[in-house]
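For reference, query19.cif (mmCIF, C-alpha atoms):
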data_my_file
#
loop_
_atom_site.label_atom_id
_atom_site.label_comp_id
_atom_site.auth_asym_id
_atom_site.auth_seq_id
_atom_site.Cartn_x
_atom_site.Cartn_y
_atom_site.Cartn_z
CA MET K 282 133.62 71.32 -220.84
CA SER K 283 135.20 70.84 -224.27
CA SER K 284 132.76 68.01 -225.04
CA VAL K 285 129.81 70.29 -224.23
CA VAL K 286 131.22 73.01 -226.50
CA THR K 287 131.71 70.45 -229.26
CA GLN K 288 128.12 69.23 -228.93
CA VAL K 289 126.80 72.80 -229.03
CA GLU K 290 128.90 73.49 -232.13
CA GLU K 291 127.50 70.37 -233.81
CA VAL K 292 123.92 71.41 -233.03
CA LEU K 293 124.48 74.94 -234.32
CA ASP K 294 126.14 73.53 -237.43
CA ARG K 295 123.11 71.32 -238.15
CA VAL K 296 120.70 74.20 -237.55
CA GLY K 297 122.67 76.59 -239.74
CA ARG K 298 123.43 74.14 -242.55
CA PRO K 299 120.29 74.96 -244.62
CA LEU K 300 121.23 78.65 -244.52
CA LYS K 301 124.88 78.16 -245.43
CA PRO K 302 124.41 78.27 -249.26
CA TYR K 303 122.78 81.70 -248.93
CA LEU K 304 125.25 83.12 -246.42
CA PRO K 305 127.91 84.34 -248.91
CA VAL K 306 125.35 86.20 -251.03
CA LEU K 307 123.80 87.81 -247.95
CA ALA K 308 127.23 88.73 -246.63
CA ARG K 309 128.31 90.31 -249.92
CA PHE K 310 125.07 92.31 -250.14
CA LEU K 311 125.36 93.60 -246.58
CA LEU K 312 129.01 94.46 -247.13
CA VAL K 313 128.21 96.84 -250.01
CA VAL K 314 124.86 98.13 -248.74
CA THR K 315 126.50 101.23 -247.24
CA PHE K 316 127.94 102.12 -250.66
CA LEU K 317 124.56 101.64 -252.35
CA GLU K 318 122.82 103.76 -249.72
CA ASP K 319 125.53 106.40 -249.95
CA SER K 320 125.19 106.63 -253.73
CA LEU K 321 121.41 107.01 -253.39
CA ARG K 322 121.85 109.72 -250.77
CA MET K 323 124.30 111.59 -253.01
CA LEU K 324 121.82 111.42 -255.87
CA THR K 325 118.81 112.59 -253.85
CA GLN K 326 120.80 115.28 -252.02
CA TYR K 327 123.03 116.27 -254.92
CA GLY K 328 122.52 120.00 -254.48
CA ASP K 329 123.23 119.92 -250.75
CA GLN K 330 126.30 117.74 -251.25
CA LYS K 331 127.66 120.04 -253.93
CA PHE K 332 127.02 123.13 -251.81
CA TYR K 333 128.87 121.58 -248.85
CA LEU K 334 131.89 120.64 -250.98
CA LYS K 335 132.07 124.13 -252.48
CA LYS K 336 131.33 126.10 -249.32
CA HIS K 337 133.17 124.10 -246.66
CA ARG K 338 135.76 122.05 -248.57
CA GLY K 339 136.87 124.60 -251.15
CA PHE K 340 135.92 122.57 -254.23
CA ALA K 341 135.41 124.32 -257.55
CA SER K 342 131.97 123.75 -259.07
CA TRP K 343 133.29 121.36 -261.69
CA GLY K 344 135.43 119.61 -259.07
CA ALA K 345 132.43 118.99 -256.82
CA ASP K 346 130.48 117.59 -259.78
CA LEU K 347 133.37 115.33 -260.74
CA PHE K 348 133.81 114.14 -257.16
CA LEU K 349 130.12 113.28 -256.70
CA VAL K 350 129.69 111.62 -260.10
CA PHE K 351 132.87 109.58 -259.63
CA ASN K 352 131.75 108.38 -256.20
CA MET K 353 128.24 107.45 -257.34
CA ALA K 354 129.41 105.65 -260.49
CA VAL K 355 132.13 103.68 -258.72
CA MET K 356 129.96 102.77 -255.71
CA VAL K 357 127.07 101.45 -257.81
CA SER K 358 129.14 99.59 -260.42
CA CYS K 359 131.62 98.05 -257.97
CA SER K 360 128.87 97.09 -255.51
CA LEU K 361 127.02 95.21 -258.23
CA LEU K 362 130.24 93.47 -259.25
CA ALA K 363 130.88 92.49 -255.63
CA ILE K 364 127.39 91.05 -255.17
CA ALA K 365 127.67 89.11 -258.43
CA LYS K 366 131.20 87.97 -257.46
CA LYS K 367 132.58 89.25 -260.75
CA HIS K 368 135.96 90.98 -261.12
CA THR K 369 136.22 91.12 -257.34
CA LEU K 370 139.72 92.58 -257.33
CA TYR K 371 138.56 95.59 -259.35
CA ALA K 372 135.40 95.92 -257.23
CA VAL K 373 137.41 95.96 -254.01
CA ALA K 374 139.93 98.44 -255.45
CA GLY K 375 137.11 100.72 -256.58
CA LEU K 376 135.24 100.66 -253.27
CA GLY K 377 138.49 101.10 -251.37
CA SER K 378 139.28 104.18 -253.47
CA VAL K 379 135.85 105.59 -252.56
CA VAL K 380 136.55 105.16 -248.84
CA LEU K 381 139.85 107.00 -249.26
CA ALA K 382 138.41 109.72 -251.51
CA GLN K 383 135.53 110.45 -249.15
CA GLY K 384 137.84 110.57 -246.15
CA PHE K 385 139.92 113.32 -247.73
CA GLY K 386 137.09 114.94 -249.70
CA TYR K 387 134.88 115.48 -246.65
CA GLY K 388 137.80 116.10 -244.29
CA LEU K 389 137.04 113.10 -242.10
CA VAL K 390 140.21 111.09 -242.50
CA PHE K 391 141.69 112.12 -239.13
CA GLU K 392 138.48 111.72 -237.12
CA SER K 393 138.80 108.61 -234.96
CA SER K 394 135.21 107.45 -235.45
CA PHE K 395 135.44 107.65 -239.24
CA LEU K 396 138.91 106.12 -239.23
CA PHE K 397 137.90 103.08 -237.14
CA ARG K 398 134.75 102.51 -239.19
CA SER K 399 136.66 102.86 -242.44
CA LEU K 400 139.31 100.37 -241.33
CA SER K 401 136.55 97.88 -240.49
CA ILE K 402 134.92 98.47 -243.87
CA VAL K 403 138.28 97.87 -245.55
CA GLY K 404 138.60 94.70 -243.48
CA GLY K 405 135.28 93.54 -244.88
CA LEU K 406 136.51 94.30 -248.41
CA VAL K 407 139.64 92.27 -247.75
CA MET K 408 137.45 89.38 -246.57
CA LEU K 409 135.46 89.77 -249.79
CA LEU K 410 138.71 89.39 -251.71
CA ALA K 411 139.61 86.32 -249.65
CA ASP K 412 136.15 84.86 -250.30
CA ALA K 413 136.55 85.25 -254.06
CA HIS K 414 140.09 83.94 -253.83
CA SER K 415 139.07 80.81 -251.91
CA SER K 416 136.75 79.74 -254.73
CA LYS K 417 139.61 79.59 -257.21
CA ASN K 418 141.24 76.18 -257.33
CA ARG K 419 144.29 77.16 -259.30
CA ARG K 420 147.72 78.35 -258.21
CA ASN K 421 147.89 81.56 -260.19
CA THR K 422 148.89 84.60 -258.16
CA LEU K 423 146.31 87.19 -257.28
CA PHE K 424 148.74 90.08 -257.20
CA ALA K 425 151.32 90.52 -259.90
CA GLY K 426 153.68 92.01 -257.34
CA LEU K 427 153.63 88.85 -255.20
CA PRO K 428 154.69 86.04 -257.54
CA GLN K 429 156.56 84.28 -254.76
CA LEU K 430 153.36 83.44 -252.85
CA SER K 431 151.14 80.54 -253.78
CA ALA K 432 147.40 81.11 -254.11
CA THR K 433 146.88 79.33 -250.78
CA ASP K 434 149.38 81.61 -249.04
CA GLN K 435 147.76 84.69 -250.49
CA GLY K 436 144.31 83.63 -249.28
CA THR K 437 145.68 82.93 -245.82
CA TYR K 438 147.25 86.37 -245.49
CA LEU K 439 144.12 88.05 -246.84
CA GLN K 440 142.00 86.33 -244.17
CA LEU K 441 144.46 87.38 -241.46
CA ALA K 442 144.44 91.01 -242.63
CA GLY K 443 140.66 90.98 -242.88
CA ARG K 444 140.27 89.64 -239.33
CA VAL K 445 142.57 92.28 -237.87
CA LEU K 446 140.93 95.19 -239.70
CA LEU K 447 137.34 94.10 -239.03
CA VAL K 448 137.58 94.60 -235.27
CA PHE K 449 138.67 98.25 -235.40
CA LEU K 450 135.08 99.49 -235.15
CA PHE K 451 134.81 97.95 -231.70
CA MET K 452 137.88 99.85 -230.53
CA SER K 453 135.90 103.10 -230.71
CA PHE K 454 133.19 101.58 -228.54
CA ILE K 455 135.55 99.99 -226.03
CA PHE K 456 137.79 102.98 -225.40
CA ALA K 457 135.50 105.95 -226.11
CA GLY K 458 132.77 107.47 -223.99
CA GLU K 459 132.00 107.49 -220.30
CA MET K 460 132.68 104.15 -218.62
CA THR K 461 129.90 102.72 -216.46
CA ILE K 462 129.56 99.26 -214.92
CA VAL K 463 127.23 98.04 -217.65
CA ARG K 464 129.33 99.61 -220.38
CA GLY K 465 132.44 98.11 -218.82
CA ILE K 466 130.96 94.59 -218.86
CA VAL K 467 129.80 94.94 -222.47
CA ALA K 468 133.15 96.45 -223.48
CA LEU K 469 134.99 93.55 -221.83
CA ILE K 470 132.90 91.00 -223.75
CA ALA K 471 133.48 92.89 -227.00
CA PHE K 472 137.21 93.15 -226.26
CA VAL K 473 137.53 89.41 -225.63
CA GLY K 474 135.56 88.72 -228.80
CA CYS K 475 137.87 91.00 -230.79
CA ILE K 476 140.98 89.31 -229.43
CA CYS K 477 139.55 85.89 -230.29
CA VAL K 478 138.80 87.03 -233.85
CA VAL K 479 142.28 88.51 -234.31
CA VAL K 480 144.14 85.42 -233.09
CA GLY K 481 141.63 83.08 -234.71
CA PHE K 482 140.48 81.28 -231.55
CA LYS K 483 136.90 79.98 -231.91
CA ALA K 484 136.77 82.62 -234.61
CA LYS K 485 133.35 81.70 -235.99
CA TRP K 486 131.80 81.76 -232.52
CA SER K 487 133.53 85.02 -231.67
CA ALA K 488 132.45 86.60 -234.95
CA GLY K 489 128.88 85.44 -234.28
CA ILE K 490 128.90 87.11 -230.86
CA LEU K 491 130.23 90.34 -232.34
CA ILE K 492 127.59 90.20 -235.10
CA LEU K 493 124.87 89.86 -232.45
CA PHE K 494 126.38 92.67 -230.38
CA LEU K 495 126.74 94.98 -233.38
CA SER K 496 123.26 94.23 -234.72
CA ILE K 497 121.53 94.97 -231.41
CA SER K 498 123.52 98.14 -230.72
CA ASN K 499 122.95 99.28 -234.30
CA VAL K 500 119.17 99.10 -233.98
CA VAL K 501 119.18 100.71 -230.52
CA LEU K 502 121.69 103.51 -231.17
CA ASN K 503 121.16 104.26 -234.87
CA ASN K 504 117.37 104.11 -235.21
CA TRP K 505 117.30 106.87 -237.81
CA TRP K 506 113.82 105.85 -238.98
CA SER K 507 112.36 107.13 -235.69
CA LEU K 508 113.62 110.68 -236.29
CA HIS K 509 111.77 113.37 -238.20
CA HIS K 510 112.99 113.68 -241.79
CA LEU K 511 114.27 117.20 -241.02
CA HIS K 512 116.07 116.19 -237.82
CA PRO K 513 119.78 117.17 -238.11
CA GLN K 514 120.95 113.80 -236.75
CA ARG K 515 118.85 111.66 -239.11
CA ASP K 516 121.41 111.48 -241.94
CA PHE K 517 124.29 110.85 -239.53
CA GLN K 518 122.46 107.98 -237.83
CA ARG K 519 121.40 106.52 -241.17
CA TYR K 520 125.01 106.68 -242.38
CA ASP K 521 126.27 104.91 -239.25
CA PHE K 522 123.46 102.34 -239.46
CA PHE K 523 124.33 101.23 -242.97
CA GLN K 524 128.05 101.28 -242.28
CA ASN K 525 127.48 98.93 -239.36
CA LEU K 526 125.43 96.66 -241.63
CA SER K 527 128.39 96.51 -243.99
CA ILE K 528 130.71 95.54 -241.15
CA VAL K 529 128.22 92.80 -240.20
CA GLY K 530 128.57 91.60 -243.80
CA GLY K 531 132.33 91.38 -243.32
CA PHE K 532 131.92 89.31 -240.18
CA LEU K 533 129.44 87.02 -241.98
CA LEU K 534 132.12 86.41 -244.60
CA LEU K 535 134.47 85.46 -241.76
CA VAL K 536 131.86 83.04 -240.39
CA ASN K 537 131.47 81.49 -243.84
CA LEU K 538 135.18 81.31 -244.67
CA GLY K 539 136.68 80.57 -241.30
CA PRO K 540 139.77 82.29 -239.88
CA GLY K 541 142.28 80.86 -242.36
CA GLY K 542 145.61 79.12 -241.92
CA ILE K 543 147.21 81.70 -239.61
CA SER K 544 144.94 81.12 -236.63
CA MET K 545 144.76 79.14 -233.41
CA ASP K 546 141.76 77.22 -234.75
CA GLU K 547 143.79 75.97 -237.70
CA LYS K 548 146.90 75.25 -235.64
CA LYS K 549 144.89 73.07 -233.23
CA LYS K 550 144.16 70.71 -236.13
CA ASP K 551 147.87 69.90 -236.30
CA TYR K 552 147.88 68.48 -232.76
#
Written form, structure tokens:
Amino acid sequence: MSSVVTQVEEVLDRVGRPLKPYLPVLARFLLVVTFLEDSLRMLTQYGDQKFYLKKHRGFASWGADLFLVFNMAVMVSCSLLAIAKKHTLYAVAGLGSVVLAQGFGYGLVFESSFLFRSLSIVGGLVMLLADAHSSKNRRNTLFAGLPQLSATDQGTYLQLAGRVLLVFLFMSFIFAGEMTIVRGIVALIAFVGCICVVVGFKAKWSAGILILFLSISNVVLNNWWSLHHLHPQRDFQRYDFFQNLSIVGGFLLLVNLGPGGISMDEKKKDY
């Protein structure tokens, strides 16, 4: 059985080798696409966004303006930095601050769906940091507060944190909603895939399965383009669609980087 799996892995590796140089760029773009789309939506719906913040969130007029301008400026600038792989630490910090600000600003921070999605987005950002970190071949520390860790150790822990956070989106699918036989089977597959990603067992394969699962469900469940432009669910489905694309980007970074040193895949190499 193991020999068959090895042969399949070798075939897939040969097939995917021509695409590998483009995978990091694609992954980084997908990871930030939700921020780019969100900034565009804020710009085109500025009046509606400002009205909502003032009417339902108690913002002053100047506060709503400041909130929206801050979010748009940070999302666009940090997304471009992330795609270009420039000043990644600042890009990740900026995008992470947007996730936090929007959670509190729109009053969504305690909603389970938003929380799970946001944790997965943060996991993708952590993988982005690990990706940038892995390309540095010097032993300087990434965080001034962690001088005791070598660069290799820091990258390893970043990959572990990214793996754990990425799978949170699937928790909302696995444990929420009415359970049917079909849903139960799909949830079981997703659950096994999540466990494999977290512990780093066949992590690239597991991440690939979750990417396929998420991509199909995203098109089926969040087909916002099929709704009338005045449909009340259109913006919500579009928001979810692009957030899922960003999480796919995080998993693509995992496929490109591998699970890191703290994983079963890496430990097997020692035996």
Residue list as a PyMOL selection string for point (120.6, 105.9, -238.2), cut-off 6 Å, all atoms listed in the file: chain K and resi 503-505+518-519+521-522
On this structure, which residues satisfy the PyMOL selection byres ((chain K and resi 363-374) around 7), written as a ChimeraX atom specification? /K:306,309-310,359-362,375-378,406,410,413
Enumerate, as a PyMOL selection string, the residues matched when the PyMOL selection byres ((chain K and resi 386) around 12) is run on the file above. chain K and resi 330-331+333-335+337-340+344-345+347-349+352+378-385+387-391
Near segment 477-487 of chain K, counting all atoms listed in the file, which residues have an atom at most 9 Å away, once you skip same-chain residues fewer than 4 positions from it, shown as a list in words?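 The residues that qualify are Glu290, Leu441, Ala442, Arg444, Val445, Leu446, Leu447, Val448, Phe472, Val473, Leu491, Ile492, Phe532, Leu533, Leu535, Val536, Asn537, Leu538, Gly539, Pro540, Gly541, Ile543, Ser544, Met545, Asp546 and Glu547 of chain K.
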Residue subset to file, keeping C-alpha atoms, as a PDB file, in the frame of the given file:
ATOM      1  CA  GLU K 290     128.900  73.490-232.130  1.00  0.00           C
ATOM      2  CA  LEU K 441     144.460  87.380-241.460  1.00  0.00           C
ATOM      3  CA  ALA K 442     144.440  91.010-242.630  1.00  0.00           C
ATOM      4  CA  ARG K 444     140.270  89.640-239.330  1.00  0.00           C
ATOM      5  CA  VAL K 445     142.570  92.280-237.870  1.00  0.00           C
ATOM      6  CA  LEU K 446     140.930  95.190-239.700  1.00  0.00           C
ATOM      7  CA  LEU K 447     137.340  94.100-239.030  1.00  0.00           C
ATOM      8  CA  VAL K 448     137.580  94.600-235.270  1.00  0.00           C
ATOM      9  CA  PHE K 472     137.210  93.150-226.260  1.00  0.00           C
ATOM     10  CA  VAL K 473     137.530  89.410-225.630  1.00  0.00           C
ATOM     11  CA  LEU K 491     130.230  90.340-232.340  1.00  0.00           C
ATOM     12  CA  ILE K 492     127.590  90.200-235.100  1.00  0.00           C
ATOM     13  CA  PHE K 532     131.920  89.310-240.180  1.00  0.00           C
ATOM     14  CA  LEU K 533     129.440  87.020-241.980  1.00  0.00           C
ATOM     15  CA  LEU K 535     134.470  85.460-241.760  1.00  0.00           C
ATOM     16  CA  VAL K 536     131.860  83.040-240.390  1.00  0.00           C
ATOM     17  CA  ASN K 537     131.470  81.490-243.840  1.00  0.00           C
ATOM     18  CA  LEU K 538     135.180  81.310-244.670  1.00  0.00           C
ATOM     19  CA  GLY K 539     136.680  80.570-241.300  1.00  0.00           C
ATOM     20  CA  PRO K 540     139.770  82.290-239.880  1.00  0.00           C
ATOM     21  CA  GLY K 541     142.280  80.860-242.360  1.00  0.00           C
ATOM     22  CA  ILE K 543     147.210  81.700-239.610  1.00  0.00           C
ATOM     23  CA  SER K 544     144.940  81.120-236.630  1.00  0.00           C
ATOM     24  CA  MET K 545     144.760  79.140-233.410  1.00  0.00           C
ATOM     25  CA  ASP K 546     141.760  77.220-234.750  1.00  0.00           C
ATOM     26  CA  GLU K 547     143.790  75.970-237.700  1.00  0.00           C
TER      27      GLU K 547
END
Rounded to one decimal, what separation in Å do you get between atom CA of Ser415 of chain K and atom CA of Leu534 of chain K?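 That distance, rounded to one decimal, is 11.5 Å.
Counting all atoms listed in the file, the residue from K:Phe332, K:Trp343, K:Phe454, K:Phe316 that sits nearest to Ser527 of chain K is K:Phe316.
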Rounded to one decimal place, report the atom CA of Tyr327 of chain K-atom CA of Val500 of chain K distance in Å.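 Atom-to-atom, atom CA of Tyr327 of chain K and atom CA of Val500 of chain K are spaced 27.4 Å apart.
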To one decimal place, how far is atom CA of Leu300 of chain K from atom CA of Phe523 of chain K in Å?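 Pair atom CA of Leu300 of chain K / atom CA of Phe523 of chain K returns 22.8 Å.
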Taking 2 positions as the minimum chain separation for residues in the same chain, which residues sit within 12 Å of Ala471 of chain K when counting only C-alpha atoms? Answer as an MDAnalysis selection string. chainID K and resid 448:456 464:469 473:478 487:495 498
So, with all atoms listed in the file as the atoms that count, which of K:Ile470, K:Lys336, K:Gly542, K:Val529 lies closest to Leu304 of chain K?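 The shortest atom-to-atom distance to Leu304 of chain K comes from K:Val529.
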Apply the PyMOL selection byres ((chain K and resi 353) around 8) to the displayed file and report the matching residues as a ChimeraX atom specification. /K:319-321,323-324,349-352,354-357
Report as JSON the centre and the edge lengths, in Å to one decimal, of the axis-aligned box holding every listed atom of segment 323-330 of chain K, padded by 4 Å on each side.
{"center_x": 122.6, "center_y": 115.7, "center_z": -253.3, "size_x": 15.5, "size_y": 16.6, "size_z": 13.1}
Selected residue, from K:Leu312, K:Leu511, K:Leu307, K:Leu502, that lies nearest to Ile402 of chain K when counting all atoms listed in the file: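 Closest residue, counting all atoms listed in the file: K:Leu312.
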